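Below: one structure, written as structure tokens.
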Amino acid sequence: MANIYYEKDVDRSQILNRKVAVLGYGSQGHAHALNLKESGVDVRVGLREGSSSVAKAQAAGLDVKSIAGACAEADVVMMLMPDTEMAAIYEEHVAPNLGDGDALFFAHGFNIRFDLIKPAANLDVCMVAPKGPGHLVRRTYSEGGGVPCLIAVEQDAGGSAKELALAYADAIGGARAGVIETTFTEETETDLFGEQAVLCGGTTRLVQAGFETLIEAGYQPEVAYFECLHELKLIVDLMYEEGIAGMRYSVSDTAEWGDLSCGPKVIDDRVKATMKTLLTDIQDGTFAANWVAESRSGRDRFLALEQAGHDHPIEVVGRELRAMMPWISAGKQSVAETSGGQGMA
């Protein structure tokens, strides 16, 4: 069983006695920085020269410095820039400004797991990974709740790295919901697998394939959109709240029978075999090597695939239908405001 920690298990002084630099002000960066600040932590944001996020962070009342300046001033550095840019930034701006007793934090284990960053032995190396996008980390904290977090310790040079990671997770709201102890390897491999096979890759392709099947059979695009995409939220919300069994209890008997009898025909042994192949590619470093190479070569294939997805007919009809339902996005940040993952836009 996993070790799970809550607010009662945390020594908040571990983070209140430190100076924290949050590098990046994208989806996760803005949430970490603001939540830390409101928890009483001495925090500053490190951004590249000319970053469009400087004005945003300053407008939010945060202390903004260069990346090197923020690292030199702090003794806890949280790396929240894109995975493929992190190693170069670390070597040039971060590593020269870290010393004995400092702690290097990550919100995803990618660069440590695949040896893209090799920290000095005199550093604590920890992970605090909220299990949700940055806007949710920020919103739930502001509402008095929190997003569950994973923590891991790769190096414990000072002897209290775990306690420091717990305190950091607590300060961004994680201990309100639960903090689960893991390892960099487990977090990285399961996170990448979940994104590829289920949460992003699997779900989006399933939705598109269902939409295409109905359109090719002559059904109206608007009806196909509602059946294959729009209503997905209703089902996911039920699963989120009550699990798969609870969802099946809440839908009609007809829907449940279709789930039980036909689901295994769609997601069959061939799909599971493909999932195992994806997992192997993650575990042996093939995916990481390919992704880093794609990014360093200009991302031509990435951009082509992204554009093809943007141009898919389900997006065309979806934009038209969502425009008639403005309440769907009311009060939410735009895609442009939250894009880029951990990015430093």
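Chains: A, B, ... in order of the structure tokens. Residues: from 1 per chain. Ligands: from 1, in order shown.
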Find the residues of stretch 35-83 of chain A that sit at most 7 Å from stretch 159-175 of chain A; for each, write down the nearest two atoms and how far apart they are in Å, to one decimal. Count only C-alpha atoms. Sort by chain, then by number going up, and give it as a tab-separated table.
```
residue	atom	partner	partner_atom	distance
A:Asn35	CA	A:Ile172	CA	5.0
A:Leu36	CA	A:Ala171	CA	5.5
A:Ser39	CA	A:Ala171	CA	5.6
```
Write the selection just made, keeping C-alpha atoms, as a short mmCIF file (atom, residue, chain, number, x, y, z; two decimals), in the first residue's frame?
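So the final result, stored in selection_9.cif, reads:
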```
data_model
loop_
_atom_site.label_atom_id
_atom_site.label_comp_id
_atom_site.auth_asym_id
_atom_site.auth_seq_id
_atom_site.Cartn_x
_atom_site.Cartn_y
_atom_site.Cartn_z
CA ASN A 35 -0.06 29.20 -3.78
CA LEU A 36 3.36 29.30 -2.12
CA SER A 39 0.97 30.10 2.22
#
```
List the neighbours of stretch 112-123 of chain A out to 6 Å using only C-alpha atoms; skip same-chain residues closer than 3 positions along the sequence, and give me the result as a VMD selection string. chain A and resid 87 100 102 to 103 109 157 185
Could you write out, as a ChimeraX atom specification, all the residues of stretch 211-315 of chain A that DSSP marks as alpha helix (DSSP H)? /A:211-216,221-225,232-250,253-266,269-283,286-296,300-310,313-315
Smallest atom-to-atom distance to A:Leu62: which of A:Tyr6, A:Trp291, A:Tyr25, A:Trp327, using only C-alpha atoms? A:Tyr25
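For the choices A:Leu234, A:Ala330, A:Ala304, A:Ala107, the atom-to-atom distance to A:Ser27 is smallest for A:Ala107 when using only C-alpha atoms.
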Excluding same-chain residues fewer than 2 positions from A:Ala68, what lies within 8 Å of it counting only C-alpha atoms, as a PDB file with N, CA and C atoms, in the first residue's frame?
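Written out: result34.pdb:
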```
ATOM      1  N   GLY A  46      11.627  32.902 -11.494  1.00  0.00           N
ATOM      2  CA  GLY A  46      12.737  33.066 -12.416  1.00  0.00           C
ATOM      3  C   GLY A  46      12.267  32.891 -13.850  1.00  0.00           C
ATOM      4  N   SER A  66      15.772  37.184 -13.083  1.00  0.00           N
ATOM      5  CA  SER A  66      16.318  36.284 -14.099  1.00  0.00           C
ATOM      6  C   SER A  66      16.399  34.882 -13.503  1.00  0.00           C
ATOM      7  N   ALA A  70      17.341  34.295  -9.645  1.00  0.00           N
ATOM      8  CA  ALA A  70      16.408  33.623  -8.732  1.00  0.00           C
ATOM      9  C   ALA A  70      17.084  32.437  -8.055  1.00  0.00           C
ATOM     10  N   CYS A  71      17.873  31.673  -8.821  1.00  0.00           N
ATOM     11  CA  CYS A  71      18.550  30.499  -8.264  1.00  0.00           C
ATOM     12  C   CYS A  71      19.627  30.893  -7.258  1.00  0.00           C
ATOM     13  N   ALA A  72      20.340  31.959  -7.563  1.00  0.00           N
ATOM     14  CA  ALA A  72      21.394  32.407  -6.655  1.00  0.00           C
ATOM     15  C   ALA A  72      20.816  32.862  -5.321  1.00  0.00           C
ATOM     16  N   HIS A  93      22.036  28.085 -16.449  1.00  0.00           N
ATOM     17  CA  HIS A  93      21.570  29.088 -15.488  1.00  0.00           C
ATOM     18  C   HIS A  93      21.402  28.580 -14.052  1.00  0.00           C
ATOM     19  N   VAL A  94      21.096  27.290 -13.896  1.00  0.00           N
ATOM     20  CA  VAL A  94      20.722  26.778 -12.579  1.00  0.00           C
ATOM     21  C   VAL A  94      21.919  26.177 -11.840  1.00  0.00           C
ATOM     22  N   ASN A  97      24.525  28.108  -9.889  1.00  0.00           N
ATOM     23  CA  ASN A  97      24.022  28.906  -8.774  1.00  0.00           C
ATOM     24  C   ASN A  97      23.456  28.064  -7.633  1.00  0.00           C
TER      25      ASN A  97
END
```
What's the 12 Å shell around A:Lys272, counting only C-alpha atoms, without same-chain residues fewer than 6 positions away, as a ChimeraX atom specification? /A:197-198,202,264-266,278-279
For the selection you just gave me, I'd like the residues written to a file as a PDB file, in the first residue's frame, keeping N, CA, C and O atoms.
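Full text of again_14.pdb as output:
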```
ATOM      1  N   ALA A 197      -1.660   6.312 -23.472  1.00  0.00           N
ATOM      2  CA  ALA A 197      -2.571   5.193 -23.700  1.00  0.00           C
ATOM      3  C   ALA A 197      -4.018   5.478 -23.309  1.00  0.00           C
ATOM      4  O   ALA A 197      -4.938   4.886 -23.870  1.00  0.00           O
ATOM      5  N   VAL A 198      -4.221   6.369 -22.327  1.00  0.00           N
ATOM      6  CA  VAL A 198      -5.576   6.559 -21.805  1.00  0.00           C
ATOM      7  C   VAL A 198      -6.009   8.025 -21.838  1.00  0.00           C
ATOM      8  O   VAL A 198      -6.919   8.390 -22.575  1.00  0.00           O
ATOM      9  N   GLY A 202      -5.214   7.803 -25.976  1.00  0.00           N
ATOM     10  CA  GLY A 202      -6.288   6.821 -26.085  1.00  0.00           C
ATOM     11  C   GLY A 202      -7.656   7.467 -26.180  1.00  0.00           C
ATOM     12  O   GLY A 202      -8.481   7.111 -27.037  1.00  0.00           O
ATOM     13  N   PRO A 264     -15.401  -4.540 -24.207  1.00  0.00           N
ATOM     14  CA  PRO A 264     -14.270  -5.426 -24.476  1.00  0.00           C
ATOM     15  C   PRO A 264     -14.048  -5.715 -25.960  1.00  0.00           C
ATOM     16  O   PRO A 264     -12.968  -6.172 -26.348  1.00  0.00           O
ATOM     17  N   LYS A 265     -15.061  -5.464 -26.793  1.00  0.00           N
ATOM     18  CA  LYS A 265     -14.878  -5.650 -28.234  1.00  0.00           C
ATOM     19  C   LYS A 265     -14.103  -4.483 -28.843  1.00  0.00           C
ATOM     20  O   LYS A 265     -13.359  -4.653 -29.813  1.00  0.00           O
ATOM     21  N   VAL A 266     -14.279  -3.287 -28.262  1.00  0.00           N
ATOM     22  CA  VAL A 266     -13.573  -2.108 -28.759  1.00  0.00           C
ATOM     23  C   VAL A 266     -12.154  -2.073 -28.203  1.00  0.00           C
ATOM     24  O   VAL A 266     -11.177  -1.923 -28.939  1.00  0.00           O
ATOM     25  N   LEU A 278       3.770   0.431 -25.868  1.00  0.00           N
ATOM     26  CA  LEU A 278       4.003   1.823 -25.470  1.00  0.00           C
ATOM     27  C   LEU A 278       4.760   1.878 -24.149  1.00  0.00           C
ATOM     28  O   LEU A 278       5.699   2.672 -23.982  1.00  0.00           O
ATOM     29  N   LEU A 279       4.355   1.052 -23.202  1.00  0.00           N
ATOM     30  CA  LEU A 279       5.004   1.041 -21.897  1.00  0.00           C
ATOM     31  C   LEU A 279       6.466   0.617 -22.004  1.00  0.00           C
ATOM     32  O   LEU A 279       7.350   1.197 -21.359  1.00  0.00           O
TER      33      LEU A 279
END
```
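Interatomic distance, atom CA of A:Leu98 to atom CA of A:Val179: 27.0 Å.
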So how many Å separate atom CA of A:Val223 and atom CA of A:Ser329, to one decimal? 20.7 Å
Atom pair atom CA of A:Ile4 / atom CA of A:Gly178: separation (Å): 6.1 Å
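Using only C-alpha atoms, the nearest neighbour of A:Arg205 within the list A:Gly309, A:Pro130, A:Gly263, A:Pro221 is A:Gly309.
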Taking only stretch 134-235 of chain A into account, list the residues labelled strand (DSSP E) by DSSP (computed from the backbone), as a ChimeraX atom specification. /A:149-155,179-181
For A:Leu23, please output as a ChimeraX atom specification all residues within 6 Å (counting only C-alpha atoms; exclusion window: fewer than 4 positions along the same chain). /A:45-46,79-80
What's around A:Phe184 at 12 Å? Count only C-alpha atoms, leave out sequence neighbours fewer than 5 positions away in its own chain, and write the answer as a ChimeraX atom specification. /A:105-115,125-129,150-155,189-191
